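Next comes run.tsv, with TSV, C-alpha atoms (C1' of nucleotides).
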chain	number	residue	atom	x	y	z
A	1	MET	CA	158.37	142.68	214.80
A	2	ASP	CA	159.19	142.96	211.10
A	3	GLY	CA	162.80	143.77	211.76
A	4	ASP	CA	164.28	140.31	211.31
A	5	SER	CA	167.26	140.75	209.10
A	6	GLU	CA	168.23	137.99	206.69
A	7	GLU	CA	171.06	136.80	208.88
A	8	GLY	CA	169.20	135.66	211.99
A	9	ILE	CA	165.93	135.70	213.82
A	10	ASP	CA	165.31	137.39	217.08
A	11	LEU	CA	165.26	134.43	219.46
A	12	LEU	CA	163.51	136.17	222.31
A	13	SER	CA	160.46	136.85	220.22
A	14	PHE	CA	159.78	133.12	220.00
A	15	ALA	CA	158.78	133.07	223.63
A	16	VAL	CA	156.35	135.91	223.06
A	17	ARG	CA	154.88	134.24	220.00
A	18	LEU	CA	154.39	130.95	221.82
A	19	ARG	CA	152.93	132.68	224.85
A	20	ARG	CA	150.52	134.59	222.71
A	21	MET	CA	149.41	131.46	220.89
A	22	THR	CA	148.84	129.59	224.13
A	23	ALA	CA	146.88	132.47	225.60
A	24	GLU	CA	144.76	132.69	222.49
A	25	PHE	CA	143.97	128.98	222.56
A	26	ASN	CA	143.01	129.30	226.18
A	27	ARG	CA	140.78	132.25	225.55
A	28	ILE	CA	138.96	130.39	222.79
A	29	ALA	CA	138.55	127.29	224.95
A	30	HIS	CA	137.31	129.42	227.82
A	31	GLU	CA	134.77	131.16	225.62
A	32	PHE	CA	133.64	127.89	224.12
A	33	ALA	CA	133.21	126.33	227.53
A	34	HIS	CA	131.08	129.22	228.68
A	35	GLU	CA	128.88	129.07	225.59
A	36	HIS	CA	128.20	125.38	226.17
A	37	GLY	CA	127.62	125.51	229.89
A	38	LEU	CA	130.86	123.78	230.71
A	39	HIS	CA	133.80	124.84	232.80
A	40	PRO	CA	137.23	125.48	231.34
A	41	THR	CA	138.52	122.52	233.29
A	42	ASP	CA	135.89	120.27	231.73
A	43	VAL	CA	136.98	121.28	228.25
A	44	GLN	CA	140.61	120.60	229.09
A	45	ALA	CA	139.67	117.24	230.51
A	46	LEU	CA	137.59	116.36	227.45
A	47	MET	CA	140.48	117.18	225.15
A	48	LYS	CA	142.76	114.95	227.16
A	49	ILE	CA	140.23	112.16	227.12
A	50	PHE	CA	139.98	112.55	223.36
A	51	ASP	CA	143.67	112.73	222.61
A	52	ALA	CA	144.60	109.77	224.76
A	53	PRO	CA	145.58	106.83	222.53
A	54	SER	CA	143.79	104.41	224.86
A	55	PRO	CA	141.12	105.15	227.49
A	56	ILE	CA	142.68	107.29	230.17
A	57	THR	CA	142.17	106.91	233.94
A	58	PRO	CA	141.25	109.58	236.50
A	59	SER	CA	144.72	109.36	238.06
A	60	ARG	CA	146.39	110.03	234.75
A	61	LEU	CA	144.04	112.92	234.17
A	62	ARG	CA	144.96	114.20	237.59
A	63	GLU	CA	148.61	114.32	236.57
A	64	GLU	CA	147.88	115.87	233.21
A	65	LEU	CA	145.65	118.63	234.50
A	66	ASN	CA	147.50	119.11	237.74
A	67	LEU	CA	144.43	118.96	239.92
A	68	THR	CA	143.61	117.12	243.11
A	69	SER	CA	141.70	113.88	243.03
A	70	GLY	CA	138.65	115.62	244.48
A	71	ALA	CA	138.58	118.10	241.64
A	72	ILE	CA	138.95	115.33	239.08
A	73	THR	CA	136.07	113.36	240.57
A	74	ALA	CA	133.86	116.45	240.48
A	75	CYS	CA	134.90	117.23	236.92
A	76	LEU	CA	134.15	113.68	235.78
A	77	ASP	CA	130.82	113.80	237.64
A	78	ARG	CA	129.91	116.89	235.64
A	79	LEU	CA	131.00	115.36	232.35
A	80	GLU	CA	129.19	112.11	233.09
A	81	ARG	CA	126.03	113.91	234.20
A	82	ALA	CA	126.09	115.91	230.97
A	83	GLY	CA	126.36	112.69	228.98
A	84	HIS	CA	129.82	113.31	227.60
A	85	ILE	CA	131.68	110.42	229.17
A	86	ARG	CA	131.18	107.08	230.87
A	87	ARG	CA	133.18	105.50	233.68
A	88	VAL	CA	134.11	101.87	233.12
A	89	ARG	CA	135.65	99.74	235.84
A	90	ASP	CA	138.63	97.68	234.80
A	91	ALA	CA	137.86	93.97	234.97
A	92	HIS	CA	141.29	92.91	236.17
A	93	ASP	CA	142.10	95.69	238.58
A	94	ARG	CA	138.76	96.80	239.92
A	95	ARG	CA	140.21	99.88	241.57
A	96	VAL	CA	140.87	101.53	238.25
A	97	VAL	CA	138.36	103.35	236.09
A	98	HIS	CA	138.63	103.89	232.35
A	99	LEU	CA	137.09	106.95	230.78
A	100	HIS	CA	135.21	106.56	227.52
A	101	TYR	CA	133.72	109.45	225.63
A	102	LEU	CA	130.21	109.26	224.24
A	103	ASP	CA	128.47	110.63	221.17
A	104	ALA	CA	127.60	113.91	222.87
A	105	ALA	CA	131.27	114.56	223.52
A	106	GLN	CA	132.20	113.66	219.97
A	107	GLU	CA	129.69	116.13	218.62
A	108	LEU	CA	130.86	118.80	221.01
A	109	ALA	CA	134.44	118.21	219.98
A	110	ALA	CA	133.48	118.52	216.34
A	111	VAL	CA	131.82	121.87	217.00
A	112	PHE	CA	134.81	123.01	218.96
A	113	PHE	CA	137.48	121.91	216.54
A	114	ARG	CA	135.85	122.70	213.23
A	115	PRO	CA	136.60	126.44	213.19
A	116	LEU	CA	139.92	125.84	214.89
A	117	GLY	CA	140.78	123.18	212.35
A	118	ARG	CA	139.75	125.44	209.48
A	119	GLY	CA	142.01	128.15	210.84
A	120	THR	CA	144.90	125.75	211.19
A	121	ASP	CA	144.35	124.41	207.69
A	122	ASN	CA	144.35	127.95	206.31
A	123	VAL	CA	147.76	128.39	207.81
A	124	LEU	CA	149.15	125.02	206.78
A	125	ARG	CA	148.09	125.53	203.17
A	126	ARG	CA	150.56	128.38	202.85
A	127	PHE	CA	153.53	126.11	203.49
A	128	GLY	CA	155.31	123.57	201.32
A	129	PRO	CA	155.93	119.96	202.39
A	130	GLU	CA	159.51	120.72	203.38
A	131	GLU	CA	158.41	123.64	205.54
A	132	LEU	CA	155.61	121.64	207.10
A	133	ARG	CA	158.09	119.01	208.08
A	134	THR	CA	160.22	121.67	209.73
A	135	VAL	CA	157.26	123.01	211.69
A	136	ALA	CA	156.21	119.52	212.76
A	137	THR	CA	159.73	118.77	213.91
A	138	PHE	CA	159.77	122.00	215.86
A	139	LEU	CA	156.48	121.21	217.59
A	140	ASP	CA	157.61	117.70	218.43
A	141	ALA	CA	160.87	119.01	219.83
A	142	MET	CA	159.00	121.56	221.94
A	143	ASN	CA	156.72	118.88	223.29
A	144	GLU	CA	159.65	116.67	224.21
A	145	GLU	CA	161.34	119.58	225.92
A	146	LEU	CA	158.19	120.44	227.86
A	147	ASP	CA	157.86	116.82	228.92
A	148	ALA	CA	161.43	116.97	230.18
A	149	LEU	CA	160.59	120.10	232.16
A	150	ARG	CA	157.72	118.26	233.74
A	151	ALA	CA	159.92	115.32	234.65
A	152	ALA	CA	162.54	117.56	236.27
A	153	PRO	CA	160.69	119.82	238.66
A	154	GLY	CA	163.82	120.16	240.79
A	155	SER	CA	165.33	122.59	238.34
A	156	ARG	CA	162.48	124.98	238.94
B	157	MET	CA	154.51	109.74	214.86
B	158	ASP	CA	157.48	108.64	212.78
B	159	GLY	CA	155.38	107.50	209.91
B	160	ASP	CA	155.43	110.65	207.81
B	161	SER	CA	156.44	109.61	204.35
B	162	GLU	CA	158.52	111.95	202.24
B	163	GLU	CA	155.60	113.04	200.13
B	164	GLY	CA	153.41	114.77	202.69
B	165	ILE	CA	152.72	115.32	206.33
B	166	ASP	CA	149.68	114.16	208.15
B	167	LEU	CA	147.75	117.40	208.56
B	168	LEU	CA	145.49	116.19	211.33
B	169	SER	CA	148.38	115.55	213.61
B	170	PHE	CA	149.17	119.25	213.71
B	171	ALA	CA	146.07	119.87	215.76
B	172	VAL	CA	147.12	117.21	218.24
B	173	ARG	CA	150.62	118.60	218.47
B	174	LEU	CA	149.38	122.13	219.05
B	175	ARG	CA	146.83	120.94	221.60
B	176	ARG	CA	149.45	119.01	223.45
B	177	MET	CA	151.80	121.98	223.55
B	178	THR	CA	149.10	124.28	224.84
B	179	ALA	CA	148.08	121.80	227.52
B	180	GLU	CA	151.68	121.38	228.58
B	181	PHE	CA	152.19	125.12	228.89
B	182	ASN	CA	149.05	125.33	230.96
B	183	ARG	CA	150.11	122.56	233.25
B	184	ILE	CA	153.45	124.20	233.87
B	185	ALA	CA	151.85	127.56	234.53
B	186	HIS	CA	149.33	125.96	236.85
B	187	GLU	CA	152.05	124.18	238.79
B	188	PHE	CA	154.14	127.31	239.00
B	189	ALA	CA	151.19	129.34	240.24
B	190	HIS	CA	150.51	126.83	242.96
B	191	GLU	CA	154.12	126.76	244.09
B	192	HIS	CA	154.15	130.52	244.44
B	193	GLY	CA	150.82	130.94	246.15
B	194	LEU	CA	149.17	132.45	243.10
B	195	HIS	CA	146.15	131.39	241.11
B	196	PRO	CA	146.34	130.28	237.50
B	197	THR	CA	144.40	133.36	236.51
B	198	ASP	CA	146.93	135.58	238.23
B	199	VAL	CA	149.77	134.06	236.25
B	200	GLN	CA	147.88	134.52	233.02
B	201	ALA	CA	147.19	138.12	233.93
B	202	LEU	CA	150.80	138.77	234.85
B	203	MET	CA	151.98	137.41	231.51
B	204	LYS	CA	149.57	139.69	229.71
B	205	ILE	CA	150.69	142.66	231.76
B	206	PHE	CA	154.27	141.81	230.87
B	207	ASP	CA	153.79	141.23	227.18
B	208	ALA	CA	151.75	144.38	226.65
B	209	PRO	CA	153.83	146.93	224.69
B	210	SER	CA	152.47	149.74	226.85
B	211	PRO	CA	150.74	149.57	230.26
B	212	ILE	CA	147.52	147.67	229.84
B	213	THR	CA	144.16	148.58	231.42
B	214	PRO	CA	141.77	146.33	233.37
B	215	SER	CA	139.23	146.48	230.54
B	216	ARG	CA	141.75	145.26	228.03
B	217	LEU	CA	142.77	142.51	230.41
B	218	ARG	CA	139.11	141.61	230.73
B	219	GLU	CA	138.90	141.08	226.97
B	220	GLU	CA	142.17	139.17	226.83
B	221	LEU	CA	141.37	136.76	229.65
B	222	ASN	CA	137.68	136.55	228.94
B	223	LEU	CA	136.63	137.26	232.50
B	224	THR	CA	134.05	139.54	234.04
B	225	SER	CA	135.03	142.88	235.49
B	226	GLY	CA	134.47	141.58	238.99
B	227	ALA	CA	136.94	138.78	238.46
B	228	ILE	CA	139.51	141.18	237.01
B	229	THR	CA	139.19	143.52	239.97
B	230	ALA	CA	139.69	140.63	242.38
B	231	CYS	CA	142.65	139.34	240.40
B	232	LEU	CA	144.30	142.77	240.36
B	233	ASP	CA	143.60	143.14	244.08
B	234	ARG	CA	145.49	139.92	244.68
B	235	LEU	CA	148.39	140.91	242.47
B	236	GLU	CA	148.59	144.35	244.02
B	237	ARG	CA	148.37	142.99	247.56
B	238	ALA	CA	151.20	140.59	246.76
B	239	GLY	CA	153.30	143.49	245.51
B	240	HIS	CA	153.44	142.41	241.88
B	241	ILE	CA	151.65	145.32	240.27
B	242	ARG	CA	150.53	148.86	240.90
B	243	ARG	CA	147.40	150.61	239.69
B	244	VAL	CA	147.98	154.06	238.23
B	245	ARG	CA	145.10	156.36	237.41
B	246	ASP	CA	145.32	158.05	234.04
B	247	ALA	CA	145.79	161.82	234.42
B	248	HIS	CA	143.60	162.74	231.49
B	249	ASP	CA	140.82	160.20	231.80
B	250	ARG	CA	140.56	159.46	235.46
B	251	ARG	CA	138.23	156.53	234.94
B	252	VAL	CA	141.14	154.65	233.38
B	253	VAL	CA	143.67	152.64	235.33
B	254	HIS	CA	147.06	151.64	233.95
B	255	LEU	CA	148.74	148.52	235.26
B	256	HIS	CA	152.46	148.66	236.00
B	257	TYR	CA	154.43	145.66	237.14
B	258	LEU	CA	156.89	145.98	240.00
B	259	ASP	CA	160.19	144.37	240.85
B	260	ALA	CA	158.58	141.43	242.61
B	261	ALA	CA	156.71	140.57	239.42
B	262	GLN	CA	159.82	140.92	237.32
B	263	GLU	CA	161.69	138.50	239.56
B	264	LEU	CA	158.79	136.09	239.53
B	265	ALA	CA	158.68	136.23	235.75
B	266	ALA	CA	162.40	135.54	235.55
B	267	VAL	CA	161.99	132.46	237.73
B	268	PHE	CA	159.07	131.32	235.66
B	269	PHE	CA	160.59	131.88	232.25
B	270	ARG	CA	164.18	130.84	232.86
B	271	PRO	CA	163.64	127.07	232.59
B	272	LEU	CA	161.03	127.58	229.93
B	273	GLY	CA	163.39	129.81	228.01
B	274	ARG	CA	166.21	127.32	228.36
B	275	GLY	CA	163.97	124.61	227.00
B	276	THR	CA	162.92	126.76	224.08
B	277	ASP	CA	166.52	127.70	223.32
B	278	ASN	CA	167.50	124.04	223.35
B	279	VAL	CA	164.95	123.48	220.66
B	280	LEU	CA	165.76	126.55	218.61
B	281	ARG	CA	169.45	125.69	218.54
B	282	ARG	CA	168.72	122.62	216.48
B	283	PHE	CA	167.36	124.67	213.59
B	284	GLY	CA	169.04	126.74	210.93
B	285	PRO	CA	168.18	130.39	210.20
B	286	GLU	CA	166.01	129.45	207.25
B	287	GLU	CA	164.07	126.93	209.30
B	288	LEU	CA	163.68	129.34	212.18
B	289	ARG	CA	162.19	131.85	209.81
B	290	THR	CA	159.72	129.23	208.66
B	291	VAL	CA	158.70	128.42	212.21
B	292	ALA	CA	158.35	132.10	213.10
B	293	THR	CA	156.21	132.66	210.03
B	294	PHE	CA	154.06	129.72	211.01
B	295	LEU	CA	153.56	131.01	214.55
B	296	ASP	CA	152.74	134.48	213.30
B	297	ALA	CA	150.25	133.06	210.83
B	298	MET	CA	148.63	130.99	213.57
B	299	ASN	CA	148.34	134.02	215.79
B	300	GLU	CA	146.72	136.04	213.03
B	301	GLU	CA	144.31	133.22	212.35
B	302	LEU	CA	143.42	132.90	216.03
B	303	ASP	CA	142.86	136.64	216.22
B	304	ALA	CA	140.51	136.33	213.26
B	305	LEU	CA	138.63	133.55	215.06
B	306	ARG	CA	138.22	135.82	218.05
B	307	ALA	CA	136.95	138.64	215.89
B	308	ALA	CA	134.36	136.42	214.18
B	309	PRO	CA	132.50	134.60	216.93
B	310	GLY	CA	129.49	134.28	214.67
B	311	SER	CA	131.09	131.42	212.79
B	312	ARG	CA	131.17	129.39	215.97
C	313	DT	C1'	122.96	171.19	231.98
C	314	DT	C1'	121.43	166.96	230.76
C	315	DA	C1'	121.88	162.49	228.79
C	316	DA	C1'	124.38	158.81	227.26
C	317	DG	C1'	128.51	156.22	227.41
C	318	DT	C1'	132.57	154.19	229.52
C	319	DA	C1'	136.01	152.39	233.16
C	320	DT	C1'	136.26	150.51	237.26
C	321	DC	C1'	134.71	148.77	241.49
C	322	DT	C1'	131.30	146.46	245.08
C	323	DC	C1'	128.94	142.57	246.81
C	324	DA	C1'	125.90	138.62	247.50
C	325	DA	C1'	125.36	134.14	245.49
C	326	DT	C1'	127.28	130.36	243.17
C	327	DG	C1'	130.14	126.67	242.69
C	328	DA	C1'	134.88	124.69	241.51
C	329	DT	C1'	138.95	123.34	244.05
C	330	DT	C1'	141.48	122.00	247.94
C	331	DG	C1'	143.05	118.93	251.61
C	332	DA	C1'	142.18	115.55	254.77
C	333	DG	C1'	140.33	111.43	255.34
C	334	DT	C1'	137.60	107.00	253.69
C	335	DT	C1'	136.85	102.80	251.17
C	336	DA	C1'	138.13	99.09	248.48
C	337	DA	C1'	141.28	96.37	245.85
C	338	DA	C1'	146.15	94.67	244.96
C	339	DG	C1'	150.51	93.54	246.11
C	340	DT	C1'	154.04	91.80	249.69
C	341	DA	C1'	156.06	89.77	253.69
C	342	DG	C1'	155.94	86.91	257.49
D	343	DC	C1'	146.51	82.62	255.47
D	344	DT	C1'	147.05	87.10	258.05
D	345	DA	C1'	148.88	91.68	258.74
D	346	DC	C1'	151.15	95.64	256.43
D	347	DT	C1'	151.73	98.72	252.66
D	348	DT	C1'	150.44	100.82	248.47
D	349	DT	C1'	147.37	102.49	245.09
D	350	DA	C1'	142.85	104.09	242.74
D	351	DA	C1'	139.03	106.46	243.33
D	352	DC	C1'	135.83	108.77	246.04
D	353	DT	C1'	133.56	111.83	249.98
D	354	DC	C1'	132.92	116.06	252.30
D	355	DA	C1'	133.51	120.40	254.81
D	356	DA	C1'	135.95	124.65	254.16
D	357	DT	C1'	137.91	127.88	251.15
D	358	DC	C1'	137.95	131.25	247.77
D	359	DA	C1'	137.70	132.62	242.67
D	360	DT	C1'	134.08	133.87	239.53
D	361	DT	C1'	129.72	135.52	238.11
D	362	DG	C1'	126.09	138.87	237.37
D	363	DA	C1'	123.77	142.80	238.76
D	364	DG	C1'	124.36	147.05	240.08
D	365	DA	C1'	126.79	151.29	242.00
D	366	DT	C1'	130.09	155.05	241.31
D	367	DA	C1'	132.77	158.33	239.07
D	368	DC	C1'	134.36	160.41	235.14
D	369	DT	C1'	133.97	161.89	230.07
D	370	DT	C1'	131.79	163.32	225.83
D	371	DA	C1'	128.23	165.12	222.91
D	372	DA	C1'	124.00	167.58	222.46
Could you take the file, read its structure, and then write that structure out as structure tokens?
Amino acid sequence: MDGDSEEGIDLLSFAVRLRRMTAEFNRIAHEFAHEHGLHPTDVQALMKIFDAPSPITPSRLREELNLTSGAITACLDRLERAGHIRRVRDAHDRRVVHLHYLDAAQELAAVFFRPLGRGTDNVLRRFGPEELRTVATFLDAMNEELDALRAAPGSR
Amino acid sequence: MDGDSEEGIDLLSFAVRLRRMTAEFNRIAHEFAHEHGLHPTDVQALMKIFDAPSPITPSRLREELNLTSGAITACLDRLERAGHIRRVRDAHDRRVVHLHYLDAAQELAAVFFRPLGRGTDNVLRRFGPEELRTVATFLDAMNEELDALRAAPGSR
DNA sequence: TTAAGTATCTCAATGATTGAGTTAAAGTAG
DNA sequence: CTACTTTAACTCAATCATTGAGATACTTAA
């Protein structure tokens, strides 16, 4: 683990590092969900609803979370019943529903992300602007690559 | 997304990037699990069993995945029934079980990680040794920080 | 030997997810 | 305008993973 010589970095270990980080995020989300009487799926859905640049629809959520429409409806029912979101029918195409988050969800998100954000900030503070740019570029590249993987399921 | 000036990087966006990456990993794992008749939990467990430096125990897995012992037992039953793992009783402490993965699991992992690994390599190739070291340091720091978060649940 | 502690497993109850099918609204062709 | 197709969201019975409480078996310390 410490054995990276100055000439190159062990490429394989990147996969392990990324896997570990993902697993750790999941574990935290899982724990958080349990503490707040939600289901892991609900937390995932809430994050998606939050991060969407404009109000997301159930279909889009279905794609993002890779669930069936039945599961999405149930998940949204739970979130709506708990006062986290609201369903709004589109005026022009009345088949589609837009998902808006409410104050309760915003507060919940704050509670969830505060310690996580503190942790991330602790890490980011150790890096210079140049390094941060490198990391950001890396993350963006990974996200593009993962999107490509999603788009090309044939290669799996 | 492109708007980072040369003087500093938007710190908040790191959280979004990380969240997106985690979600994308999850979606891929979920999809893969479904295609291979496994459950998302089983895939998570298999990854943990793989990444463990020495054979892991059910208890440890319980901590890692944040599940109850009943769920772990059921998960291991499924994996064992499908021929992915084997339970081995410890000779000295016969309450303890060690989890070994079998050939079927190794093949499954190869199928799972090959496209993912290709994608990661595509990304890594774009960076120089110095930059790779920076990214690795960042990931390690994040993992330490996440571990710390796990250890201190009181702050949540 | 006894008591306490630990690792794993069992099982009934709960409840999220699936998969098939339904409803309603848009688009499209004739 | 009418019939056909497509799409968005929902309903519901069946399935099956997870929980939570407890049982079992082994270990360690007193």
Atomic separation - atom CA of Phe206 of chain B relative to atom CA of Ile228 of chain B, Å
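Separating atom CA of Ile228 of chain B from atom CA of Phe206 of chain B is a distance of 16.0 Å.
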Contacts of Ala23 of chain A at 10 Å (all atoms listed in the file; same-chain gap of 2+ positions) as an MDAnalysis selection string
(chainID A and resid 17:21 25:29) or (chainID B and resid 178 181:182 200 203:204 220:221)
Cα-based least-squares overlay of chain B on chain A, as a tab-separated table (two decimals) with C-alpha atoms, in the frame of the given file:
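Generated file (superposed_19.tsv):
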chain	number	residue	atom	x	y	z
B	157	MET	CA	157.83	142.21	214.12
B	158	ASP	CA	158.93	142.77	210.54
B	159	GLY	CA	162.41	143.73	211.49
B	160	ASP	CA	164.10	140.36	211.19
B	161	SER	CA	167.13	140.87	209.04
B	162	GLU	CA	168.25	138.10	206.72
B	163	GLU	CA	171.08	137.03	208.96
B	164	GLY	CA	169.21	135.84	212.04
B	165	ILE	CA	165.95	135.81	213.88
B	166	ASP	CA	165.32	137.46	217.16
B	167	LEU	CA	165.26	134.49	219.52
B	168	LEU	CA	163.48	136.23	222.35
B	169	SER	CA	160.46	136.88	220.25
B	170	PHE	CA	159.79	133.17	220.00
B	171	ALA	CA	158.80	133.09	223.64
B	172	VAL	CA	156.35	135.93	223.08
B	173	ARG	CA	154.89	134.26	220.03
B	174	LEU	CA	154.43	130.96	221.82
B	175	ARG	CA	152.95	132.68	224.86
B	176	ARG	CA	150.53	134.58	222.72
B	177	MET	CA	149.43	131.44	220.91
B	178	THR	CA	148.87	129.57	224.14
B	179	ALA	CA	146.89	132.45	225.62
B	180	GLU	CA	144.77	132.66	222.50
B	181	PHE	CA	143.99	128.96	222.59
B	182	ASN	CA	143.03	129.30	226.21
B	183	ARG	CA	140.77	132.22	225.57
B	184	ILE	CA	138.97	130.37	222.82
B	185	ALA	CA	138.56	127.28	224.96
B	186	HIS	CA	137.33	129.37	227.85
B	187	GLU	CA	134.78	131.12	225.66
B	188	PHE	CA	133.64	127.86	224.15
B	189	ALA	CA	133.23	126.28	227.57
B	190	HIS	CA	131.11	129.16	228.73
B	191	GLU	CA	128.89	129.04	225.67
B	192	HIS	CA	128.22	125.36	226.23
B	193	GLY	CA	127.64	125.46	229.95
B	194	LEU	CA	130.91	123.75	230.75
B	195	HIS	CA	133.85	124.83	232.85
B	196	PRO	CA	137.29	125.46	231.41
B	197	THR	CA	138.58	122.48	233.33
B	198	ASP	CA	135.95	120.26	231.75
B	199	VAL	CA	137.04	121.26	228.27
B	200	GLN	CA	140.65	120.58	229.12
B	201	ALA	CA	139.70	117.20	230.50
B	202	LEU	CA	137.62	116.34	227.47
B	203	MET	CA	140.51	117.16	225.15
B	204	LYS	CA	142.78	114.91	227.15
B	205	ILE	CA	140.22	112.12	227.11
B	206	PHE	CA	139.99	112.52	223.35
B	207	ASP	CA	143.67	112.68	222.59
B	208	ALA	CA	144.55	109.69	224.75
B	209	PRO	CA	145.51	106.74	222.50
B	210	SER	CA	143.66	104.36	224.81
B	211	PRO	CA	141.01	105.10	227.47
B	212	ILE	CA	142.61	107.23	230.14
B	213	THR	CA	142.12	106.83	233.91
B	214	PRO	CA	141.24	109.51	236.48
B	215	SER	CA	144.71	109.25	238.02
B	216	ARG	CA	146.38	109.92	234.71
B	217	LEU	CA	144.05	112.83	234.14
B	218	ARG	CA	145.00	114.10	237.57
B	219	GLU	CA	148.66	114.18	236.54
B	220	GLU	CA	147.91	115.75	233.17
B	221	LEU	CA	145.72	118.55	234.49
B	222	ASN	CA	147.59	119.01	237.73
B	223	LEU	CA	144.51	118.84	239.91
B	224	THR	CA	143.68	117.02	243.10
B	225	SER	CA	141.71	113.81	243.05
B	226	GLY	CA	138.70	115.57	244.49
B	227	ALA	CA	138.66	118.05	241.65
B	228	ILE	CA	138.99	115.26	239.08
B	229	THR	CA	136.09	113.34	240.59
B	230	ALA	CA	133.91	116.45	240.50
B	231	CYS	CA	134.95	117.21	236.93
B	232	LEU	CA	134.15	113.66	235.80
B	233	ASP	CA	130.84	113.82	237.66
B	234	ARG	CA	129.95	116.90	235.65
B	235	LEU	CA	131.01	115.38	232.36
B	236	GLU	CA	129.19	112.16	233.09
B	237	ARG	CA	126.04	113.96	234.22
B	238	ALA	CA	126.10	115.97	231.00
B	239	GLY	CA	126.35	112.76	229.00
B	240	HIS	CA	129.82	113.36	227.61
B	241	ILE	CA	131.66	110.45	229.17
B	242	ARG	CA	131.11	107.14	230.86
B	243	ARG	CA	133.10	105.55	233.66
B	244	VAL	CA	133.99	101.90	233.10
B	245	ARG	CA	135.48	99.80	235.85
B	246	ASP	CA	138.44	97.69	234.82
B	247	ALA	CA	137.60	93.97	234.97
B	248	HIS	CA	140.99	92.90	236.25
B	249	ASP	CA	141.81	95.70	238.64
B	250	ARG	CA	138.51	96.91	239.92
B	251	ARG	CA	140.00	99.96	241.59
B	252	VAL	CA	140.71	101.35	238.13
B	253	VAL	CA	138.23	103.35	236.09
B	254	HIS	CA	138.53	103.85	232.34
B	255	LEU	CA	137.03	106.94	230.77
B	256	HIS	CA	135.13	106.55	227.51
B	257	TYR	CA	133.69	109.48	225.62
B	258	LEU	CA	130.17	109.29	224.23
B	259	ASP	CA	128.45	110.68	221.18
B	260	ALA	CA	127.57	113.95	222.86
B	261	ALA	CA	131.25	114.58	223.53
B	262	GLN	CA	132.20	113.68	220.00
B	263	GLU	CA	129.70	116.18	218.62
B	264	LEU	CA	130.87	118.82	221.04
B	265	ALA	CA	134.46	118.23	219.99
B	266	ALA	CA	133.52	118.54	216.34
B	267	VAL	CA	131.86	121.89	217.01
B	268	PHE	CA	134.85	123.03	218.98
B	269	PHE	CA	137.53	121.92	216.56
B	270	ARG	CA	135.90	122.69	213.24
B	271	PRO	CA	136.65	126.43	213.18
B	272	LEU	CA	139.96	125.84	214.89
B	273	GLY	CA	140.81	123.19	212.35
B	274	ARG	CA	139.80	125.43	209.49
B	275	GLY	CA	142.04	128.15	210.84
B	276	THR	CA	144.94	125.76	211.20
B	277	ASP	CA	144.42	124.40	207.69
B	278	ASN	CA	144.40	127.93	206.31
B	279	VAL	CA	147.80	128.39	207.81
B	280	LEU	CA	149.20	125.03	206.80
B	281	ARG	CA	148.16	125.53	203.19
B	282	ARG	CA	150.61	128.38	202.86
B	283	PHE	CA	153.59	126.12	203.51
B	284	GLY	CA	155.38	123.59	201.36
B	285	PRO	CA	156.02	119.97	202.41
B	286	GLU	CA	159.58	120.74	203.42
B	287	GLU	CA	158.49	123.66	205.57
B	288	LEU	CA	155.69	121.67	207.13
B	289	ARG	CA	158.18	119.04	208.12
B	290	THR	CA	160.29	121.71	209.76
B	291	VAL	CA	157.34	123.04	211.72
B	292	ALA	CA	156.29	119.55	212.79
B	293	THR	CA	159.82	118.81	213.93
B	294	PHE	CA	159.85	122.04	215.88
B	295	LEU	CA	156.56	121.24	217.61
B	296	ASP	CA	157.69	117.74	218.44
B	297	ALA	CA	160.95	119.07	219.84
B	298	MET	CA	159.06	121.60	221.95
B	299	ASN	CA	156.80	118.90	223.30
B	300	GLU	CA	159.74	116.72	224.23
B	301	GLU	CA	161.40	119.64	225.93
B	302	LEU	CA	158.25	120.49	227.87
B	303	ASP	CA	157.92	116.87	228.93
B	304	ALA	CA	161.49	117.03	230.19
B	305	LEU	CA	160.64	120.17	232.17
B	306	ARG	CA	157.75	118.34	233.76
B	307	ALA	CA	159.95	115.40	234.65
B	308	ALA	CA	162.59	117.62	236.28
B	309	PRO	CA	160.75	119.93	238.65
B	310	GLY	CA	163.88	120.25	240.75
B	311	SER	CA	165.39	122.69	238.30
B	312	ARG	CA	162.54	125.08	238.95
At a cut-off of 12 Å, using all atoms listed in the file, what residues contact Val291 of chain B? Leave out same-chain residues fewer than 4 positions from it and give the result as a ChimeraX atom specification.
/A:9,11,13-14,17-18,123-124,127,130-139,142 /B:279-280,283-287,295-298
Please, which residues of chain B lie no more than 12 Å from chain C when the count uses all atoms listed in the file, and can they be set out as a ChimeraX atom specification?
/B:190,195,213-216,218,224-230,232-233,243,245-246,249-254
Where's the centre, and what are the edge lengths in Å to one decimal, of a box along x, y and z enclosing all listed atoms of segment 196-213 of chain B padded 8 Å per side, as lines of an AutoDock Vina configuration file?
center_x = 149.2
center_y = 140.0
center_z = 231.5
size_x = 26.1
size_y = 35.5
size_z = 29.5
Option closest in space to chain A, from B:His248, B:Arg234, B:Asn222, B:Ala208 [counting all atoms listed in the file]:
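Closest to chain A, using all atoms listed in the file: B:Asn222.
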Residues within 12 Å of Phe269 of chain B, please, as a PyMOL selection string. Count all atoms listed in the file; anything in the same chain fewer than 2 positions from it doesn't count.
(chain A and resi 12+15-16+19+149+156) or (chain B and resi 181+184-185+188+199+203+206+261-267+271-277)
Rounded to one decimal place, report the atom CA of Pro55 of chain A-atom CA of Glu187 of chain B distance in Å.
24.7 Å
For atom CA of Ala82 of chain A and atom CA of Leu102 of chain A, quote the distance in Å rounded to one decimal.
10.3 Å
Can you check which residues of chain D have any atom within 10 Å of chain A? Use all atoms listed in the file and format it as a VMD selection string.
chain D and resid 349 to 354
